[in-house]
>>> print(open('model.pdb').read())   # PDB, C-alpha atoms
ATOM      1  CA  MET A   1      26.307 126.005-150.720
ATOM      2  CA  THR A   2      23.969 129.001-150.484
ATOM      3  CA  ASN A   3      20.277 128.180-150.668
ATOM      4  CA  ALA A   4      16.951 129.436-149.372
ATOM      5  CA  LEU A   5      16.849 127.193-146.317
ATOM      6  CA  SER A   6      20.432 127.969-145.290
ATOM      7  CA  ARG A   7      19.660 131.675-145.529
ATOM      8  CA  MET A   8      16.552 131.280-143.391
ATOM      9  CA  LEU A   9      18.455 129.228-140.818
ATOM     10  CA  ALA A  10      21.069 131.987-140.600
ATOM     11  CA  GLU A  11      18.415 134.650-140.054
ATOM     12  CA  ARG A  12      15.970 132.902-137.722
ATOM     13  CA  ASP A  13      16.069 131.428-134.219
ATOM     14  CA  TRP A  14      13.520 128.807-135.253
ATOM     15  CA  ILE A  15      11.631 127.693-138.350
ATOM     16  CA  LEU A  16       8.122 126.273-138.209
ATOM     17  CA  ALA A  17       7.705 123.299-140.532
ATOM     18  CA  ASP A  18       4.399 121.742-141.533
ATOM     19  CA  GLY A  19       2.264 119.010-140.034
ATOM     20  CA  ALA A  20       0.834 115.718-141.276
ATOM     21  CA  THR A  21       0.316 115.015-144.963
ATOM     22  CA  GLY A  22      -1.463 111.684-144.579
ATOM     23  CA  THR A  23      -3.837 112.817-141.823
ATOM     24  CA  THR A  24      -4.920 115.838-143.862
ATOM     25  CA  LEU A  25      -5.416 113.862-147.073
ATOM     26  CA  PHE A  26      -7.433 111.172-145.279
ATOM     27  CA  ASN A  27      -9.652 113.960-143.963
ATOM     28  CA  MET A  28     -10.067 115.070-147.584
ATOM     29  CA  GLY A  29     -11.231 111.632-148.671
ATOM     30  CA  LEU A  30      -8.112 109.621-149.448
ATOM     31  CA  SER A  31      -8.807 105.934-148.870
ATOM     32  CA  SER A  32      -6.468 103.699-146.893
ATOM     33  CA  GLY A  33      -4.163 101.832-149.256
ATOM     34  CA  ASP A  34      -4.386 104.398-152.037
ATOM     35  CA  ALA A  35      -1.277 106.220-153.256
ATOM     36  CA  PRO A  36      -1.426 109.882-152.128
ATOM     37  CA  GLU A  37       1.017 110.808-154.898
ATOM     38  CA  LEU A  38      -1.570 110.000-157.580
ATOM     39  CA  TRP A  39      -3.651 112.859-156.208
ATOM     40  CA  ASN A  40      -1.005 115.254-157.543
ATOM     41  CA  VAL A  41      -2.518 114.535-160.957
ATOM     42  CA  ASP A  42      -6.042 113.376-160.109
ATOM     43  CA  HIS A  43      -6.902 116.002-157.446
ATOM     44  CA  PRO A  44      -4.385 118.875-157.718
ATOM     45  CA  GLU A  45      -6.805 121.306-156.053
ATOM     46  CA  LYS A  46      -6.746 119.174-152.904
ATOM     47  CA  ILE A  47      -2.941 119.095-152.881
ATOM     48  CA  ARG A  48      -2.867 122.880-153.212
ATOM     49  CA  ALA A  49      -5.295 123.031-150.274
ATOM     50  CA  LEU A  50      -2.964 120.744-148.281
ATOM     51  CA  TYR A  51      -0.050 123.108-148.872
ATOM     52  CA  ARG A  52      -2.101 126.269-148.270
ATOM     53  CA  GLY A  53      -3.323 124.837-144.979
ATOM     54  CA  ALA A  54       0.228 124.746-143.658
ATOM     55  CA  VAL A  55       1.147 128.150-145.074
ATOM     56  CA  ASP A  56      -1.986 129.849-143.753
ATOM     57  CA  ALA A  57      -1.368 128.283-140.325
ATOM     58  CA  GLY A  58       2.052 129.941-140.169
ATOM     59  CA  SER A  59       4.482 127.331-141.447
ATOM     60  CA  ASP A  60       7.727 128.627-142.946
ATOM     61  CA  LEU A  61       8.406 125.308-144.659
ATOM     62  CA  PHE A  62       6.224 122.527-146.021
ATOM     63  CA  LEU A  63       6.888 119.127-147.516
ATOM     64  CA  THR A  64       5.639 118.048-150.919
ATOM     65  CA  ASN A  65       3.135 115.245-151.418
ATOM     66  CA  SER A  66       5.815 112.826-152.601
ATOM     67  CA  PHE A  67       6.690 110.746-149.536
ATOM     68  CA  GLY A  68       5.909 107.454-151.298
ATOM     69  CA  GLY A  69       6.806 108.783-154.727
ATOM     70  CA  ASN A  70       9.770 106.522-155.421
ATOM     71  CA  ALA A  71       9.621 103.688-157.956
ATOM     72  CA  SER A  72       9.812 100.989-155.294
ATOM     73  CA  ARG A  73       6.766 102.260-153.399
ATOM     74  CA  LEU A  74       4.805 103.202-156.523
ATOM     75  CA  LYS A  75       5.272  99.675-157.881
ATOM     76  CA  LEU A  76       2.627  98.601-155.375
ATOM     77  CA  HIS A  77       0.165 100.707-157.395
ATOM     78  CA  GLY A  78       1.446  99.875-160.869
ATOM     79  CA  ALA A  79       2.867 103.382-161.184
ATOM     80  CA  GLU A  80       6.617 102.765-160.846
ATOM     81  CA  SER A  81       7.270 104.387-164.240
ATOM     82  CA  ARG A  82       5.715 107.653-162.995
ATOM     83  CA  ALA A  83       8.075 108.326-160.070
ATOM     84  CA  ARG A  84       9.806 111.303-161.666
ATOM     85  CA  GLU A  85       6.583 112.738-163.087
ATOM     86  CA  LEU A  86       4.547 112.536-159.876
ATOM     87  CA  SER A  87       7.379 114.010-157.803
ATOM     88  CA  ARG A  88       7.817 116.852-160.293
ATOM     89  CA  ILE A  89       4.116 117.714-160.192
ATOM     90  CA  SER A  90       4.038 117.613-156.386
ATOM     91  CA  ALA A  91       6.827 120.184-156.409
ATOM     92  CA  GLU A  92       5.243 122.359-159.085
ATOM     93  CA  LEU A  93       2.037 122.605-157.053
ATOM     94  CA  GLY A  94       4.072 123.448-153.972
ATOM     95  CA  ARG A  95       6.060 126.105-155.774
ATOM     96  CA  GLU A  96       2.823 127.663-156.991
ATOM     97  CA  VAL A  97       1.398 127.918-153.460
ATOM     98  CA  ALA A  98       4.657 129.145-151.919
ATOM     99  CA  ASP A  99       5.224 131.837-154.538
ATOM    100  CA  ALA A 100       1.665 133.130-154.127
ATOM    101  CA  SER A 101       1.946 133.388-150.334
ATOM    102  CA  GLY A 102       3.550 136.823-150.201
ATOM    103  CA  ARG A 103       6.347 135.693-147.888
ATOM    104  CA  THR A 104       9.363 133.399-148.014
ATOM    105  CA  ILE A 105       8.225 129.789-147.847
ATOM    106  CA  ILE A 106      10.592 126.850-148.228
ATOM    107  CA  VAL A 107       9.308 124.043-150.460
ATOM    108  CA  ALA A 108      10.928 120.798-149.295
ATOM    109  CA  GLY A 109      10.778 117.768-151.559
ATOM    110  CA  SER A 110       9.678 114.812-149.431
ATOM    111  CA  VAL A 111      11.535 111.555-150.058
ATOM    112  CA  GLY A 112      10.418 108.599-147.974
ATOM    113  CA  PRO A 113      11.962 105.145-147.592
ATOM    114  CA  THR A 114      11.857 102.612-150.397
ATOM    115  CA  GLY A 115       9.971 100.102-148.284
ATOM    116  CA  GLU A 116      12.634  97.495-149.061
ATOM    117  CA  ILE A 117      15.278  95.954-146.792
ATOM    118  CA  MET A 118      18.839  96.866-147.682
ATOM    119  CA  ALA A 119      21.427  94.195-148.459
ATOM    120  CA  PRO A 120      22.841  92.026-147.016
ATOM    121  CA  MET A 121      19.702  91.451-144.902
ATOM    122  CA  GLY A 122      17.449  92.176-147.871
ATOM    123  CA  GLU A 123      17.650  92.367-151.647
ATOM    124  CA  LEU A 124      17.948  96.145-152.115
ATOM    125  CA  THR A 125      21.527  96.975-153.103
ATOM    126  CA  HIS A 126      23.192 100.287-152.419
ATOM    127  CA  GLU A 127      23.460 101.011-156.141
ATOM    128  CA  LEU A 128      19.765 100.402-156.766
ATOM    129  CA  ALA A 129      18.754 102.503-153.754
ATOM    130  CA  VAL A 130      20.867 105.387-155.062
ATOM    131  CA  GLU A 131      19.226 105.022-158.472
ATOM    132  CA  ILE A 132      15.725 105.038-156.953
ATOM    133  CA  PHE A 133      16.392 108.113-154.808
ATOM    134  CA  HIS A 134      18.192 109.927-157.627
ATOM    135  CA  GLU A 135      15.249 109.519-159.998
ATOM    136  CA  GLN A 136      12.867 111.036-157.469
ATOM    137  CA  ALA A 137      15.308 113.800-156.567
ATOM    138  CA  GLU A 138      15.567 114.864-160.200
ATOM    139  CA  GLY A 139      11.784 115.074-160.474
ATOM    140  CA  LEU A 140      11.546 117.228-157.351
ATOM    141  CA  LYS A 141      14.374 119.423-158.612
ATOM    142  CA  GLU A 142      12.604 119.923-161.947
ATOM    143  CA  GLY A 143       9.461 120.923-160.077
ATOM    144  CA  GLY A 144      11.265 123.693-158.223
ATOM    145  CA  VAL A 145      11.799 122.546-154.631
ATOM    146  CA  ASP A 146      14.249 124.550-152.532
ATOM    147  CA  VAL A 147      15.613 121.531-150.708
ATOM    148  CA  LEU A 148      15.238 117.756-150.693
ATOM    149  CA  TRP A 149      13.871 116.263-147.484
ATOM    150  CA  CYS A 150      14.503 112.600-146.729
ATOM    151  CA  GLU A 151      12.275 111.414-143.860
ATOM    152  CA  THR A 152      11.140 108.467-141.755
ATOM    153  CA  ILE A 153      14.252 106.447-142.564
ATOM    154  CA  SER A 154      15.133 103.472-140.336
ATOM    155  CA  ALA A 155      18.276 102.004-141.922
ATOM    156  CA  PRO A 156      21.561 103.934-141.920
ATOM    157  CA  GLU A 157      22.418 102.293-145.258
ATOM    158  CA  GLU A 158      19.322 103.820-146.840
ATOM    159  CA  TYR A 159      20.147 107.252-145.383
ATOM    160  CA  LYS A 160      23.644 107.001-146.894
ATOM    161  CA  ALA A 161      22.206 105.991-150.274
ATOM    162  CA  ALA A 162      19.926 109.040-150.216
ATOM    163  CA  ALA A 163      22.878 111.316-149.430
ATOM    164  CA  GLU A 164      24.758 109.954-152.438
ATOM    165  CA  ALA A 165      21.720 110.310-154.697
ATOM    166  CA  PHE A 166      21.154 113.910-153.654
ATOM    167  CA  ALA A 167      24.788 114.702-154.445
ATOM    168  CA  LEU A 168      24.200 113.367-157.953
ATOM    169  CA  ALA A 169      21.178 115.672-158.221
ATOM    170  CA  ASP A 170      23.321 118.562-156.936
ATOM    171  CA  MET A 171      20.664 119.577-154.430
ATOM    172  CA  PRO A 172      20.868 120.637-150.760
ATOM    173  CA  TRP A 173      19.030 118.301-148.435
ATOM    174  CA  CYS A 174      17.794 117.540-144.944
ATOM    175  CA  GLY A 175      17.244 114.111-143.483
ATOM    176  CA  THR A 176      15.302 112.686-140.547
ATOM    177  CA  MET A 177      15.021 109.188-139.162
ATOM    178  CA  SER A 178      12.242 107.601-137.128
ATOM    179  CA  PHE A 179      13.111 106.382-133.636
ATOM    180  CA  ASP A 180      10.332 104.118-132.485
ATOM    181  CA  THR A 181      11.822 101.002-130.886
ATOM    182  CA  ALA A 182      13.066 101.746-127.370
ATOM    183  CA  GLY A 183      14.700 104.951-128.534
ATOM    184  CA  ARG A 184      16.248 103.365-131.627
ATOM    185  CA  THR A 185      15.264 103.165-135.262
ATOM    186  CA  MET A 186      13.718  99.919-136.440
ATOM    187  CA  MET A 187      17.182  98.868-137.620
ATOM    188  CA  GLY A 188      18.769  99.632-134.241
ATOM    189  CA  LEU A 189      20.422 103.031-134.718
ATOM    190  CA  THR A 190      20.546 105.347-131.680
ATOM    191  CA  SER A 191      20.468 109.141-131.675
ATOM    192  CA  ALA A 192      24.207 109.189-130.969
ATOM    193  CA  GLY A 193      24.788 106.745-133.809
ATOM    194  CA  MET A 194      22.875 108.954-136.222
ATOM    195  CA  VAL A 195      24.954 112.032-135.374
ATOM    196  CA  ASP A 196      28.133 110.042-135.883
ATOM    197  CA  MET A 197      26.873 108.816-139.268
ATOM    198  CA  VAL A 198      25.737 112.258-140.416
ATOM    199  CA  GLU A 199      29.040 113.923-139.589
ATOM    200  CA  LYS A 200      30.968 111.289-141.560
ATOM    201  CA  LEU A 201      28.935 111.597-144.781
ATOM    202  CA  LYS A 202      30.690 112.963-147.865
ATOM    203  CA  ASN A 203      27.491 114.886-148.622
ATOM    204  CA  PRO A 204      26.026 115.738-145.207
ATOM    205  CA  PRO A 205      22.576 117.308-144.827
ATOM    206  CA  ILE A 206      21.978 120.972-144.034
ATOM    207  CA  ALA A 207      19.967 119.795-141.028
ATOM    208  CA  TYR A 208      19.134 116.410-139.530
ATOM    209  CA  GLY A 209      16.790 115.071-136.914
ATOM    210  CA  ALA A 210      13.834 112.865-136.072
ATOM    211  CA  ASN A 211      10.241 112.573-137.201
ATOM    212  CA  CYS A 212       7.245 110.382-136.449
ATOM    213  CA  GLY A 213       8.172 107.562-134.036
ATOM    214  CA  VAL A 214       6.003 107.094-130.969
ATOM    215  CA  GLY A 215       4.871 110.168-129.041
ATOM    216  CA  ALA A 216       6.172 113.725-128.721
ATOM    217  CA  ALA A 217       7.927 112.946-125.431
ATOM    218  CA  ASP A 218       9.955 110.112-126.982
ATOM    219  CA  LEU A 219      10.915 112.305-129.900
ATOM    220  CA  LEU A 220      12.195 115.062-127.630
ATOM    221  CA  ARG A 221      14.290 112.552-125.718
ATOM    222  CA  THR A 222      15.895 111.722-129.069
ATOM    223  CA  ILE A 223      16.429 115.438-129.775
ATOM    224  CA  LEU A 224      18.244 115.732-126.449
ATOM    225  CA  GLY A 225      20.366 112.779-127.554
ATOM    226  CA  PHE A 226      21.343 114.623-130.733
ATOM    227  CA  ALA A 227      22.172 117.831-128.879
ATOM    228  CA  ALA A 228      24.349 115.962-126.383
ATOM    229  CA  GLN A 229      26.738 115.006-129.194
ATOM    230  CA  GLY A 230      27.814 118.622-129.653
ATOM    231  CA  SER A 231      27.266 118.926-133.408
ATOM    232  CA  GLU A 232      26.568 122.471-134.594
ATOM    233  CA  ARG A 233      24.397 121.231-137.466
ATOM    234  CA  PRO A 234      20.757 122.393-137.114
ATOM    235  CA  ILE A 235      18.396 119.821-135.605
ATOM    236  CA  ILE A 236      14.908 118.968-136.875
ATOM    237  CA  ALA A 237      12.022 117.876-134.615
ATOM    238  CA  LYS A 238       8.771 116.660-136.207
ATOM    239  CA  GLY A 239       6.831 114.775-133.568
ATOM    240  CA  ASN A 240       3.414 113.160-133.752
ATOM    241  CA  ALA A 241       0.435 114.958-132.240
ATOM    242  CA  GLY A 242       0.119 112.703-129.239
ATOM    243  CA  ILE A 243      -0.658 108.992-129.298
ATOM    244  CA  PRO A 244      -2.945 107.296-131.877
ATOM    245  CA  LYS A 245      -6.300 106.040-130.585
ATOM    246  CA  PHE A 246      -8.760 103.912-132.564
ATOM    247  CA  HIS A 247     -12.228 105.449-132.342
ATOM    248  CA  ASP A 248     -15.338 104.899-134.484
ATOM    249  CA  GLY A 249     -13.373 103.041-137.125
ATOM    250  CA  HIS A 250     -10.719 105.723-137.493
ATOM    251  CA  ILE A 251      -7.345 106.520-135.964
ATOM    252  CA  HIS A 252      -7.231 109.801-134.040
ATOM    253  CA  TYR A 253      -4.245 111.405-132.307
ATOM    254  CA  ASP A 254      -4.915 112.694-128.817
ATOM    255  CA  GLY A 255      -2.518 115.649-128.830
ATOM    256  CA  THR A 256      -4.406 118.935-128.498
ATOM    257  CA  PRO A 257      -3.231 122.186-130.100
ATOM    258  CA  GLU A 258      -2.319 123.442-126.624
ATOM    259  CA  LEU A 259      -0.173 120.356-126.003
ATOM    260  CA  MET A 260       1.592 120.743-129.358
ATOM    261  CA  GLY A 261       2.298 124.363-128.540
ATOM    262  CA  LYS A 262       4.062 123.211-125.388
ATOM    263  CA  TYR A 263       5.878 120.534-127.389
ATOM    264  CA  ALA A 264       7.146 123.164-129.841
ATOM    265  CA  CYS A 265       8.640 125.286-127.062
ATOM    266  CA  LEU A 266      10.200 122.253-125.396
ATOM    267  CA  ALA A 267      11.641 121.209-128.762
ATOM    268  CA  ALA A 268      13.302 124.602-129.108
ATOM    269  CA  ASP A 269      14.782 124.362-125.608
ATOM    270  CA  CYS A 270      15.979 120.816-126.381
ATOM    271  CA  GLY A 271      18.044 122.213-129.239
ATOM    272  CA  ALA A 272      15.816 121.895-132.324
ATOM    273  CA  LYS A 273      15.800 124.739-134.825
ATOM    274  CA  ILE A 274      13.334 123.367-137.395
ATOM    275  CA  ILE A 275      10.169 122.384-135.551
ATOM    276  CA  GLY A 276       7.052 120.824-136.990
ATOM    277  CA  GLY A 277       4.603 118.008-136.523
ATOM    278  CA  CYS A 278       4.088 114.590-138.025
ATOM    279  CA  CYS A 279       1.118 112.195-137.839
ATOM    280  CA  GLY A 280      -2.053 113.794-136.518
ATOM    281  CA  THR A 281      -0.745 117.366-136.727
ATOM    282  CA  THR A 282      -3.361 119.597-138.361
ATOM    283  CA  PRO A 283      -3.316 123.298-139.306
ATOM    284  CA  GLU A 284      -5.064 123.983-135.982
ATOM    285  CA  HIS A 285      -2.075 122.472-134.187
ATOM    286  CA  LEU A 286       0.323 124.517-136.315
ATOM    287  CA  VAL A 287      -1.441 127.771-135.421
ATOM    288  CA  ALA A 288      -0.964 126.979-131.740
ATOM    289  CA  MET A 289       2.665 125.993-132.292
ATOM    290  CA  ARG A 290       3.409 129.239-134.123
ATOM    291  CA  ALA A 291       1.792 131.346-131.405
ATOM    292  CA  ALA A 292       3.642 129.451-128.675
ATOM    293  CA  LEU A 293       7.030 129.817-130.350
ATOM    294  CA  GLU A 294       6.514 133.529-131.010
ATOM    295  CA  SER A 295       5.806 134.192-127.323
ATOM    296  CA  HIS A 296       8.380 131.743-125.978
ATOM    297  CA  THR A 297      11.361 132.897-123.947
ATOM    298  CA  PRO A 298      14.204 130.419-124.511
ATOM    299  CA  GLY A 299      15.095 128.375-121.456
ATOM    300  CA  PRO A 300      17.618 125.736-120.400
ATOM    301  CA  ARG A 301      17.577 122.207-121.766
ATOM    302  CA  PRO A 302      14.613 120.489-120.094
ATOM    303  CA  SER A 303      15.122 117.336-118.060
ATOM    304  CA  LEU A 304      13.452 114.083-119.022
ATOM    305  CA  GLU A 305      11.232 114.491-115.987
ATOM    306  CA  ALA A 306      10.137 117.938-117.143
ATOM    307  CA  ILE A 307       9.312 116.612-120.615
ATOM    308  CA  ALA A 308       7.292 113.729-119.173
ATOM    309  CA  GLU A 309       5.461 116.103-116.844
ATOM    310  CA  VAL A 310       4.234 118.193-119.777
ATOM    311  CA  LEU A 311       3.852 115.675-122.614
ATOM    312  CA  GLY A 312       3.268 112.397-120.797
ATOM    313  CA  GLY A 313       5.542 109.450-120.190
ATOM    314  CA  PHE A 314       7.996 107.670-122.451
ATOM    315  CA  SER A 315       7.165 104.442-124.240
ATOM    316  CA  SER A 316      10.411 102.834-123.057
ATOM    317  CA  ALA A 317      12.718 103.326-120.103
ATOM    318  CA  SER A 318      15.793 104.102-122.203
ATOM    319  CA  ASP A 319      16.709 105.844-125.446
ATOM    320  CA  GLY A 320      19.214 103.112-126.219
ATOM    321  CA  THR A 321      22.319 105.233-125.609
ATOM    322  CA  ASP A 322      23.024 104.084-122.051
ATOM    323  CA  ASP A 323      24.491 100.839-120.784
ATOM    324  CA  ALA A 324      21.835 100.062-118.218
ATOM    325  CA  THR A 325      20.182  96.670-118.340
ATOM    326  CA  PRO A 326      16.401  96.535-118.800
ATOM    327  CA  ALA A 327      15.965  95.275-115.236
ATOM    328  CA  ALA A 328      17.918  98.196-113.843
ATOM    329  CA  ARG A 329      16.066 100.867-115.773
ATOM    330  CA  LYS A 330      13.314 102.791-114.105
ATOM    331  CA  ASN A 331      10.226 103.003-116.235
ATOM    332  CA  ARG A 332       9.368 106.674-116.624
ATOM    333  CA  ARG A 333       5.926 106.107-118.072
ATOM    334  CA  ARG A 334       3.326 108.411-116.536
ATOM    335  CA  SER A 335      -0.265 109.221-117.271
ATOM    336  CA  ARG A 336      -0.770 111.793-120.000
ATOM    337  CA  GLY A 337      -1.518 115.265-118.671
TER     338      GLY A 337
END
>>> encode(input="model.pdb", output="structure tokens")
Amino acid sequence: MTNALSRMLAERDWILADGATGTTLFNMGLSSGDAPELWNVDHPEKIRALYRGAVDAGSDLFLTNSFGGNASRLKLHGAESRARELSRISAELGREVADASGRTIIVAGSVGPTGEIMAPMGELTHELAVEIFHEQAEGLKEGGVDVLWCETISAPEEYKAAAEAFALADMPWCGTMSFDTAGRTMMGLTSAGMVDMVEKLKNPPIAYGANCGVGAADLLRTILGFAAQGSERPIIAKGNAGIPKFHDGHIHYDGTPELMGKYACLAADCGAKIIGGCCGTTPEHLVAMRAALESHTPGPRPSLEAIAEVLGGFSSASDGTDDATPAARKNRRRSRG
């Protein structure tokens, strides 16, 4: 399937994605607990500013303001009937900003998790999950996204449901999972397990990878885990800007632009081709990441020790792919540099 993202991947050594949606919108006045997707209608000028911030900072790709735009998540706000509409508008605003930029910008339709537990552990069936994701995918498609972008998924069953839904929508897609529990997703999947799952899908993504999680160091350890499996599919790295700290009633991430620039170069050497930021990553960080990548000379795959030396220690001693017992593992945590 030929599409804008596939063409860019074929032409470029790396692609700079965007940063944090939530962090930016909170800085614009979004209150905790409110649905960001409602701002697509209530404050479209702020959503355009969100997108322009990434584009002006040098991003080649940005995600739409539709992460929680599925019916299951919107039900918490009494807006479940507006899933398709709100996703469509998020994409239309994105298309407007991208087309006015004067360069090729990929608009990626963000699709987050349903927030439900998949059967048999929970009540969300595969069929209903496919229906929920398909509805949102159709809205994003109508709004003009170039690619669908499933992110922050923990359960392999939910990832598979999204893949099936996107096939029904006849749209190319990318998909990332969040590895935040000793190198595994919340539902226990390892980096090696994700690669195995992705390569067996009937409708595999254009690119796959990891986003959010704990810190940038942990995320890069996961990226190394992907690369070790030998898949030629492009890898995505969207790490948080450091570690969250609670200060003066607000959460702040301690990763400086300089640190995120180093993270971006390490991500490229780890094997990632689409590189961006997640929580805490602002346009200022993206500017530094772009400059770092443009001046970076590719190097060998960094060791875990080299990653820890630059980005700080890991939150756990293992990424879950080895057979070592917890008592036998050496804790690599170090002070943040």
>>> residues_around(input="model.pdb", residues="A:Cys279", least_positions_apart="3", cutoff="12 Å", atoms="only C-alpha atoms", output="JSON, numbers by chain")
{"A": [18, 19, 20, 21, 22, 23, 24, 25, 26, 152, 211, 212, 213, 214, 215, 216, 238, 239, 240, 241, 242, 243, 244, 251, 252, 253, 254, 255, 276, 282, 285]}
>>> resolve_selection(input="model.pdb", expression="the PyMOL selection byres ((chain A and resi 67-79) around 9)", output="PyMOL selection string")
chain A and resi 21+34-38+63-66+80-84+86-87+109-116+132-133+135-136+150-151
>>> residues_around(input="model.pdb", residues="A:Asp322", least_positions_apart="5", cutoff="12 Å", atoms="all atoms listed in the file", output="list in words")
Ala182, Gly183, Arg184, Thr190, Ser191, Ala192, Gly225, Ala317, Ala328 and Arg329 of chain A
>>> write_last_selection(input="model.pdb", atoms="C-alpha atoms", output="mmCIF file, in the coordinates of the input")
data_model
loop_
_atom_site.group_PDB
_atom_site.id
_atom_site.type_symbol
_atom_site.label_atom_id
_atom_site.label_comp_id
_atom_site.auth_asym_id
_atom_site.auth_seq_id
_atom_site.Cartn_x
_atom_site.Cartn_y
_atom_site.Cartn_z
ATOM 1 C CA ALA A 182 13.066 101.746 -127.370
ATOM 2 C CA GLY A 183 14.700 104.951 -128.534
ATOM 3 C CA ARG A 184 16.248 103.365 -131.627
ATOM 4 C CA THR A 190 20.546 105.347 -131.680
ATOM 5 C CA SER A 191 20.468 109.141 -131.675
ATOM 6 C CA ALA A 192 24.207 109.189 -130.969
ATOM 7 C CA GLY A 225 20.366 112.779 -127.554
ATOM 8 C CA ALA A 317 12.718 103.326 -120.103
ATOM 9 C CA ALA A 328 17.918 98.196 -113.843
ATOM 10 C CA ARG A 329 16.066 100.867 -115.773
#
>>> closest_residue(input="model.pdb", among="A:Gly143, A:Gly312, A:Gly209, A:Gly53", to="A:Ile223", atoms="all atoms listed in the file")
A:Gly209
>>> axis_aligned_box(input="model.pdb", around="stretch 223-227 of chain A", padding_each_side="5 Å", output="JSON")
{"center_x": 19.3, "center_y": 115.3, "center_z": -128.6, "size_x": 15.7, "size_y": 15.1, "size_z": 14.3}
>>> resolve_selection(input="model.pdb", expression="the PyMOL selection byres ((chain A and resi 44) around 12)", output="ChimeraX atom specification")
/A:25,36-43,45-51,65,86,89-94,96-97
>>> closest_residue(input="model.pdb", among="A:Met260, A:Leu148, A:Ala119, A:Leu140", to="A:Ala291", atoms="all atoms listed in the file")
A:Met260
>>> resolve_selection(input="model.pdb", expression="the PyMOL selection byres ((chain A and resi 101-105) around 8)", output="PyMOL selection string")
chain A and resi 55+59-62+97-100+106-107
>>> atom_distance(input="model.pdb", atom1="atom CA of A:Gly320", atom2="atom CA of A:Phe226")
12.5 Å
>>> residues_around(input="model.pdb", residues="stretch 165-171 of chain A", least_positions_apart="6", cutoff="12 Å", atoms="all atoms listed in the file", output="count of residues only")
40
>>> build_atoms(input="model.pdb", residues="stretch 284-298 of chain A", atoms="N, CA and C atoms", output="PDB file, in the coordinates of the input")
ATOM      1  N   GLU A 284      -4.691 123.436-137.293  1.00  0.00           N
ATOM      2  CA  GLU A 284      -5.064 123.983-135.982  1.00  0.00           C
ATOM      3  C   GLU A 284      -3.913 123.827-134.986  1.00  0.00           C
ATOM      4  N   HIS A 285      -3.247 122.680-135.033  1.00  0.00           N
ATOM      5  CA  HIS A 285      -2.075 122.472-134.187  1.00  0.00           C
ATOM      6  C   HIS A 285      -0.963 123.448-134.560  1.00  0.00           C
ATOM      7  N   LEU A 286      -0.761 123.644-135.852  1.00  0.00           N
ATOM      8  CA  LEU A 286       0.323 124.517-136.315  1.00  0.00           C
ATOM      9  C   LEU A 286       0.104 125.965-135.876  1.00  0.00           C
ATOM     10  N   VAL A 287      -1.136 126.413-135.888  1.00  0.00           N
ATOM     11  CA  VAL A 287      -1.441 127.771-135.421  1.00  0.00           C
ATOM     12  C   VAL A 287      -1.013 127.934-133.967  1.00  0.00           C
ATOM     13  N   ALA A 288      -1.333 126.935-133.154  1.00  0.00           N
ATOM     14  CA  ALA A 288      -0.964 126.979-131.740  1.00  0.00           C
ATOM     15  C   ALA A 288       0.548 126.901-131.561  1.00  0.00           C
ATOM     16  N   MET A 289       1.208 126.113-132.373  1.00  0.00           N
ATOM     17  CA  MET A 289       2.665 125.993-132.292  1.00  0.00           C
ATOM     18  C   MET A 289       3.342 127.300-132.666  1.00  0.00           C
ATOM     19  N   ARG A 290       2.844 127.953-133.705  1.00  0.00           N
ATOM     20  CA  ARG A 290       3.409 129.239-134.123  1.00  0.00           C
ATOM     21  C   ARG A 290       3.252 130.280-133.018  1.00  0.00           C
ATOM     22  N   ALA A 291       2.051 130.367-132.459  1.00  0.00           N
ATOM     23  CA  ALA A 291       1.792 131.346-131.405  1.00  0.00           C
ATOM     24  C   ALA A 291       2.668 131.074-130.181  1.00  0.00           C
ATOM     25  N   ALA A 292       2.829 129.806-129.841  1.00  0.00           N
ATOM     26  CA  ALA A 292       3.642 129.451-128.675  1.00  0.00           C
ATOM     27  C   ALA A 292       5.104 129.813-128.888  1.00  0.00           C
ATOM     28  N   LEU A 293       5.628 129.514-130.067  1.00  0.00           N
ATOM     29  CA  LEU A 293       7.030 129.817-130.350  1.00  0.00           C
ATOM     30  C   LEU A 293       7.287 131.324-130.391  1.00  0.00           C
ATOM     31  N   GLU A 294       6.334 132.078-130.919  1.00  0.00           N
ATOM     32  CA  GLU A 294       6.514 133.529-131.010  1.00  0.00           C
ATOM     33  C   GLU A 294       6.523 134.193-129.646  1.00  0.00           C
ATOM     34  N   SER A 295       5.849 133.603-128.667  1.00  0.00           N
ATOM     35  CA  SER A 295       5.806 134.192-127.323  1.00  0.00           C
ATOM     36  C   SER A 295       6.761 133.513-126.352  1.00  0.00           C
ATOM     37  N   HIS A 296       7.525 132.551-126.849  1.00  0.00           N
ATOM     38  CA  HIS A 296       8.380 131.743-125.978  1.00  0.00           C
ATOM     39  C   HIS A 296       9.695 132.441-125.650  1.00  0.00           C
ATOM     40  N   THR A 297      10.045 132.433-124.380  1.00  0.00           N
ATOM     41  CA  THR A 297      11.361 132.897-123.947  1.00  0.00           C
ATOM     42  C   THR A 297      12.261 131.677-123.800  1.00  0.00           C
ATOM     43  N   PRO A 298      13.343 131.603-124.577  1.00  0.00           N
ATOM     44  CA  PRO A 298      14.204 130.419-124.511  1.00  0.00           C
ATOM     45  C   PRO A 298      14.662 130.106-123.098  1.00  0.00           C
TER      46      PRO A 298
END
